[in-house]
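Colleague: The structure is given below, and queries will be raised subsequently.
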Amino acid sequence: MRADLLLGKLEQHYRQQLPFVIYALPGSMMVTGLFQHTKELYSTTTLSEKGFVMAPFYNSSSLPLIPVNRSEQIKADLRPLRLEGVHKEIAEDEDSRTRHIALVSKAIETLTTSELKKVVVSRKQDLPLRSFDIITFTSVLFSENTDAFRYLWFHPKTGMWCAATPELLLSVADKTFKTMSLAGTRSKVKHGDQQWTNKEIEEQELVTQAILRDLKPFTSDIEISETYTSSAATLEHLRTDISGVLDPSASIKQVVDTLHPTPAVCGTPAKKALEFIETFEGYDRAFYTGYVGPVNLDSSTSNLFVNLRCMRLSNKEASIYTGGGITVLSDPISEWKETCNKQQTMLKLLGEFL
Ligand SMILES: C=C(O[C@@H]1C=C(C(=O)O)C=C[C@H]1O)C(=O)O
């Protein structure tokens with residue numbers, strides 16, 4: 001019943017172009033929806049309000065927020081409405097391929113001749129939709145990739161965005177925190193039990209070290225897991241879990257501002273990587289590689305995820321955003337393929353609308 005109620009509310013809000021967000025934490029089919037009463041664009045500069053935040057990649061002091069006290073909150077178990085995605089191949093776009101390979105080659109050249117050690121480069125692919133039905137789409141989004149954090153956000157000022165992201169940026173409950181270092185990508189089917197290459201091991205280690213360095217001033221009792229293989233849809237990544245205690249004086253915003261953007265989505269040194277991205281990537285990442293999630297909800301816990309395996313949607317078009325970390329050991333053609341593989345997570349949700 002609650003599931004029908006939630007989806008009914010969603011359809012009505014979308015028809016009226018009223019802001020809403022629905023989301024589910026990794027491993028859960030319990031979906032929370034926040035349905036804002038008016039079209040106003042609320043924002044936060046401190047992450048101290050209760051609500052759902054949607055932060056862009058590029059530094060922005062004011063972050064879009066759907067506040068709990070301006071919304072109706074509905075929770076529902078979406079298990080009864082389970083719906084599988086439909087796999088549909090799309091043709092490789094030659095122009096995008098040429099452009100991405102040139103971008104990766106430029107990155108490798110810059111890495112060899114400067115102090116830049118890693119840079120994450122990305123692309124956006126626009127796909128026309130034959131039709132779009134928000135209820136079917138939502139059912140598939142929340143049925144697939146249940147290990148990921150899934151959300152669907154709509155605001156008339158930002159458009160509609162969704163993701164099924166495997167990457168936690170920061171979760172905080174009672175001053176204890178969790179985060180992860182996630183990098184290195186390979187296809188699950190192809191590699192089976194094979195070892196990871198040095199390129200991937202080094203690339204992920206760079207991310208772990210940067211996170212530990214950035215957290216040091218605010219934290220104590222840090223625990224670091226072994227680095228292990230973690231699966232995300234058809235892909236696998238290298239992952240290290242990091243947890244500990246936040247200093248009583250540290251605010252979530254302070255910690256997030258030092259972590260974001262991590263070298264998993266930007267590079268290292270961060271400033272140089274950002275300069276490269278701004279100069280050569282050639283498009284606006286908008287909310288891709290920003291962070292999203294509930295803040296100060298459910299007994300004051302916050303769960304922020306990196307906005308990956310995401311897309312922007314309208315009734316007519318989907319724009320899928322994907323990228324990958326480049327080091328001097330990268331191969332441009334493999335990097336192109338990696339972005340195509342990463343697109344599969346979102347493509348499977350679009351299946352019947354393409
Ligand atoms: C940039 C993306 O993913 C990030 C980059 C990875 C990589 O370079 O191997 C792996 C996981 C993510 O941290 C993306 O999915 O678009």
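Please note that chains go A, B, ... in the order of the structure tokens, that every chain numbers its residues from 1, and that ligands are numbered from 1 in the order shown.
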With DSSP run on the backbone, what are the strand (DSSP E) residues within range 47-153 of chain A? I'd like them as a ChimeraX atom specification.
Modeller: /A:51-55,63-67,71-77,118-128,149-153
Colleague: Please produce a file of those selected residues containing C-alpha atoms, as a PDB file, in the first residue's frame.
Modeller:
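After the write, again.pdb holds the following:
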ATOM      1  CA  GLY A  51      16.974  17.305   4.373  1.00  0.00           C
ATOM      2  CA  PHE A  52      18.440  15.903   1.166  1.00  0.00           C
ATOM      3  CA  VAL A  53      21.361  17.766  -0.374  1.00  0.00           C
ATOM      4  CA  MET A  54      22.489  17.801  -4.006  1.00  0.00           C
ATOM      5  CA  ALA A  55      25.965  19.322  -4.368  1.00  0.00           C
ATOM      6  CA  LEU A  63      23.914  23.712  -2.189  1.00  0.00           C
ATOM      7  CA  PRO A  64      20.382  22.758  -3.345  1.00  0.00           C
ATOM      8  CA  LEU A  65      18.422  21.085  -0.538  1.00  0.00           C
ATOM      9  CA  ILE A  66      14.968  19.588  -0.124  1.00  0.00           C
ATOM     10  CA  PRO A  67      14.276  20.376   3.537  1.00  0.00           C
ATOM     11  CA  SER A  71       8.062  18.529   2.608  1.00  0.00           C
ATOM     12  CA  GLU A  72       5.865  15.545   3.170  1.00  0.00           C
ATOM     13  CA  GLN A  73       7.945  12.484   4.064  1.00  0.00           C
ATOM     14  CA  ILE A  74       6.775   9.024   2.943  1.00  0.00           C
ATOM     15  CA  LYS A  75       8.640   5.737   3.493  1.00  0.00           C
ATOM     16  CA  ALA A  76       7.776   2.556   1.649  1.00  0.00           C
ATOM     17  CA  ASP A  77       9.117  -0.887   0.928  1.00  0.00           C
ATOM     18  CA  LYS A 118      46.396  11.415 -11.480  1.00  0.00           C
ATOM     19  CA  VAL A 119      43.504  13.166 -13.175  1.00  0.00           C
ATOM     20  CA  VAL A 120      39.927  11.950 -13.669  1.00  0.00           C
ATOM     21  CA  VAL A 121      38.467  12.821 -17.069  1.00  0.00           C
ATOM     22  CA  SER A 122      34.888  12.286 -18.132  1.00  0.00           C
ATOM     23  CA  ARG A 123      32.256  12.758 -20.788  1.00  0.00           C
ATOM     24  CA  LYS A 124      28.522  13.174 -21.189  1.00  0.00           C
ATOM     25  CA  GLN A 125      26.422  11.276 -23.720  1.00  0.00           C
ATOM     26  CA  ASP A 126      22.971  12.532 -24.708  1.00  0.00           C
ATOM     27  CA  LEU A 127      20.426   9.940 -25.805  1.00  0.00           C
ATOM     28  CA  PRO A 128      16.970  10.743 -27.202  1.00  0.00           C
ATOM     29  CA  PHE A 149      22.844   4.163  -3.104  1.00  0.00           C
ATOM     30  CA  ARG A 150      19.945   4.985  -5.416  1.00  0.00           C
ATOM     31  CA  TYR A 151      18.092   8.267  -5.677  1.00  0.00           C
ATOM     32  CA  LEU A 152      15.795  10.153  -8.028  1.00  0.00           C
ATOM     33  CA  TRP A 153      15.786  13.932  -7.562  1.00  0.00           C
TER      34      TRP A 153
END
Colleague: Might you pull out every residue within 6 Å of range 134-146 of chain A, with only C-alpha atoms counted and same-chain residues fewer than 5 positions away left off, and present them as a list in words?
Modeller: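 Counting only the stated atoms, we get Gly27, Arg82, Leu83, Glu84 and Gly85 of chain A.
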Colleague: What are the closest atom pairs, with distances in Å to one decimal, for all residues of chain A lying within 9 Å of ligand 1? Consider only C-alpha atoms and all ligand atoms, order rows by chain and residue number, and present the result as a tab-separated table.
Modeller:
residue	atom	partner	partner_atom_place_in_ligand_line	distance
A:Val119	CA	ligand 1	8 (O)	9.0
A:Val120	CA	ligand 1	1 (C)	6.4
A:Val121	CA	ligand 1	1 (C)	7.4
A:Ser122	CA	ligand 1	16 (O)	6.7
A:Arg123	CA	ligand 1	16 (O)	8.5
A:Thr165	CA	ligand 1	15 (O)	8.0
A:Pro166	CA	ligand 1	11 (C)	8.0
A:Glu167	CA	ligand 1	13 (O)	6.7
A:Ser181	CA	ligand 1	13 (O)	7.7
A:Leu182	CA	ligand 1	13 (O)	5.0
A:Ala183	CA	ligand 1	10 (C)	3.8
A:Gly184	CA	ligand 1	9 (O)	3.5
A:Thr185	CA	ligand 1	9 (O)	4.1
A:Arg186	CA	ligand 1	9 (O)	7.7
A:Glu200	CA	ligand 1	9 (O)	7.4
A:Glu203	CA	ligand 1	8 (O)	7.9
A:Gln204	CA	ligand 1	9 (O)	8.1
A:Val207	CA	ligand 1	13 (O)	9.0
A:Glu236	CA	ligand 1	10 (C)	8.6
A:His237	CA	ligand 1	10 (C)	6.1
A:Leu238	CA	ligand 1	10 (C)	8.0
A:Thr262	CA	ligand 1	13 (O)	8.6
A:Pro263	CA	ligand 1	13 (O)	8.1
A:Ala264	CA	ligand 1	13 (O)	4.2
A:Val265	CA	ligand 1	1 (C)	5.1
A:Cys266	CA	ligand 1	1 (C)	8.2
A:Tyr288	CA	ligand 1	16 (O)	7.9
A:Thr289	CA	ligand 1	1 (C)	7.0
A:Val306	CA	ligand 1	13 (O)	8.2
A:Asn307	CA	ligand 1	15 (O)	8.5
A:Leu308	CA	ligand 1	15 (O)	4.9
A:Arg309	CA	ligand 1	15 (O)	5.2
A:Cys310	CA	ligand 1	16 (O)	8.0
A:Tyr321	CA	ligand 1	16 (O)	6.3
A:Thr322	CA	ligand 1	16 (O)	3.6
A:Gly323	CA	ligand 1	16 (O)	3.8
A:Gly324	CA	ligand 1	8 (O)	3.6
A:Gly325	CA	ligand 1	8 (O)	3.5
A:Ile326	CA	ligand 1	8 (O)	6.9
A:Glu335	CA	ligand 1	8 (O)	8.8
A:Glu338	CA	ligand 1	9 (O)	8.1
A:Thr339	CA	ligand 1	16 (O)	7.0
A:Lys342	CA	ligand 1	15 (O)	5.9
A:Gln343	CA	ligand 1	15 (O)	8.3
Colleague: With a distance cut-off of 9 Å and only C-alpha atoms, select the neighbouring residues of range 106-111 of chain A, excluding the residue or stretch itself and same-chain residues fewer than 2 positions from it, and output the selection as a list of chain:residue names.
Modeller: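 Contacts, with the query itself left out: A:Ile101, A:Ala102, A:Leu103, A:Val104, A:Thr113, A:Ser114, A:Glu115, A:Leu116, A:Lys117, A:Lys118, A:Val119, A:Val120, A:Val121, A:Phe276, A:Phe280, A:Ile326, A:Thr327, A:Val328, A:Leu329, A:Ser330, A:Asp331, A:Pro332.
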Colleague: Give me, please, the distance in Å between CA of Pro56 in chain A and CA of Arg97 in chain A, quoted to one decimal.
Modeller: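 CA of Pro56 in chain A sits 25.5 Å away from CA of Arg97 in chain A.
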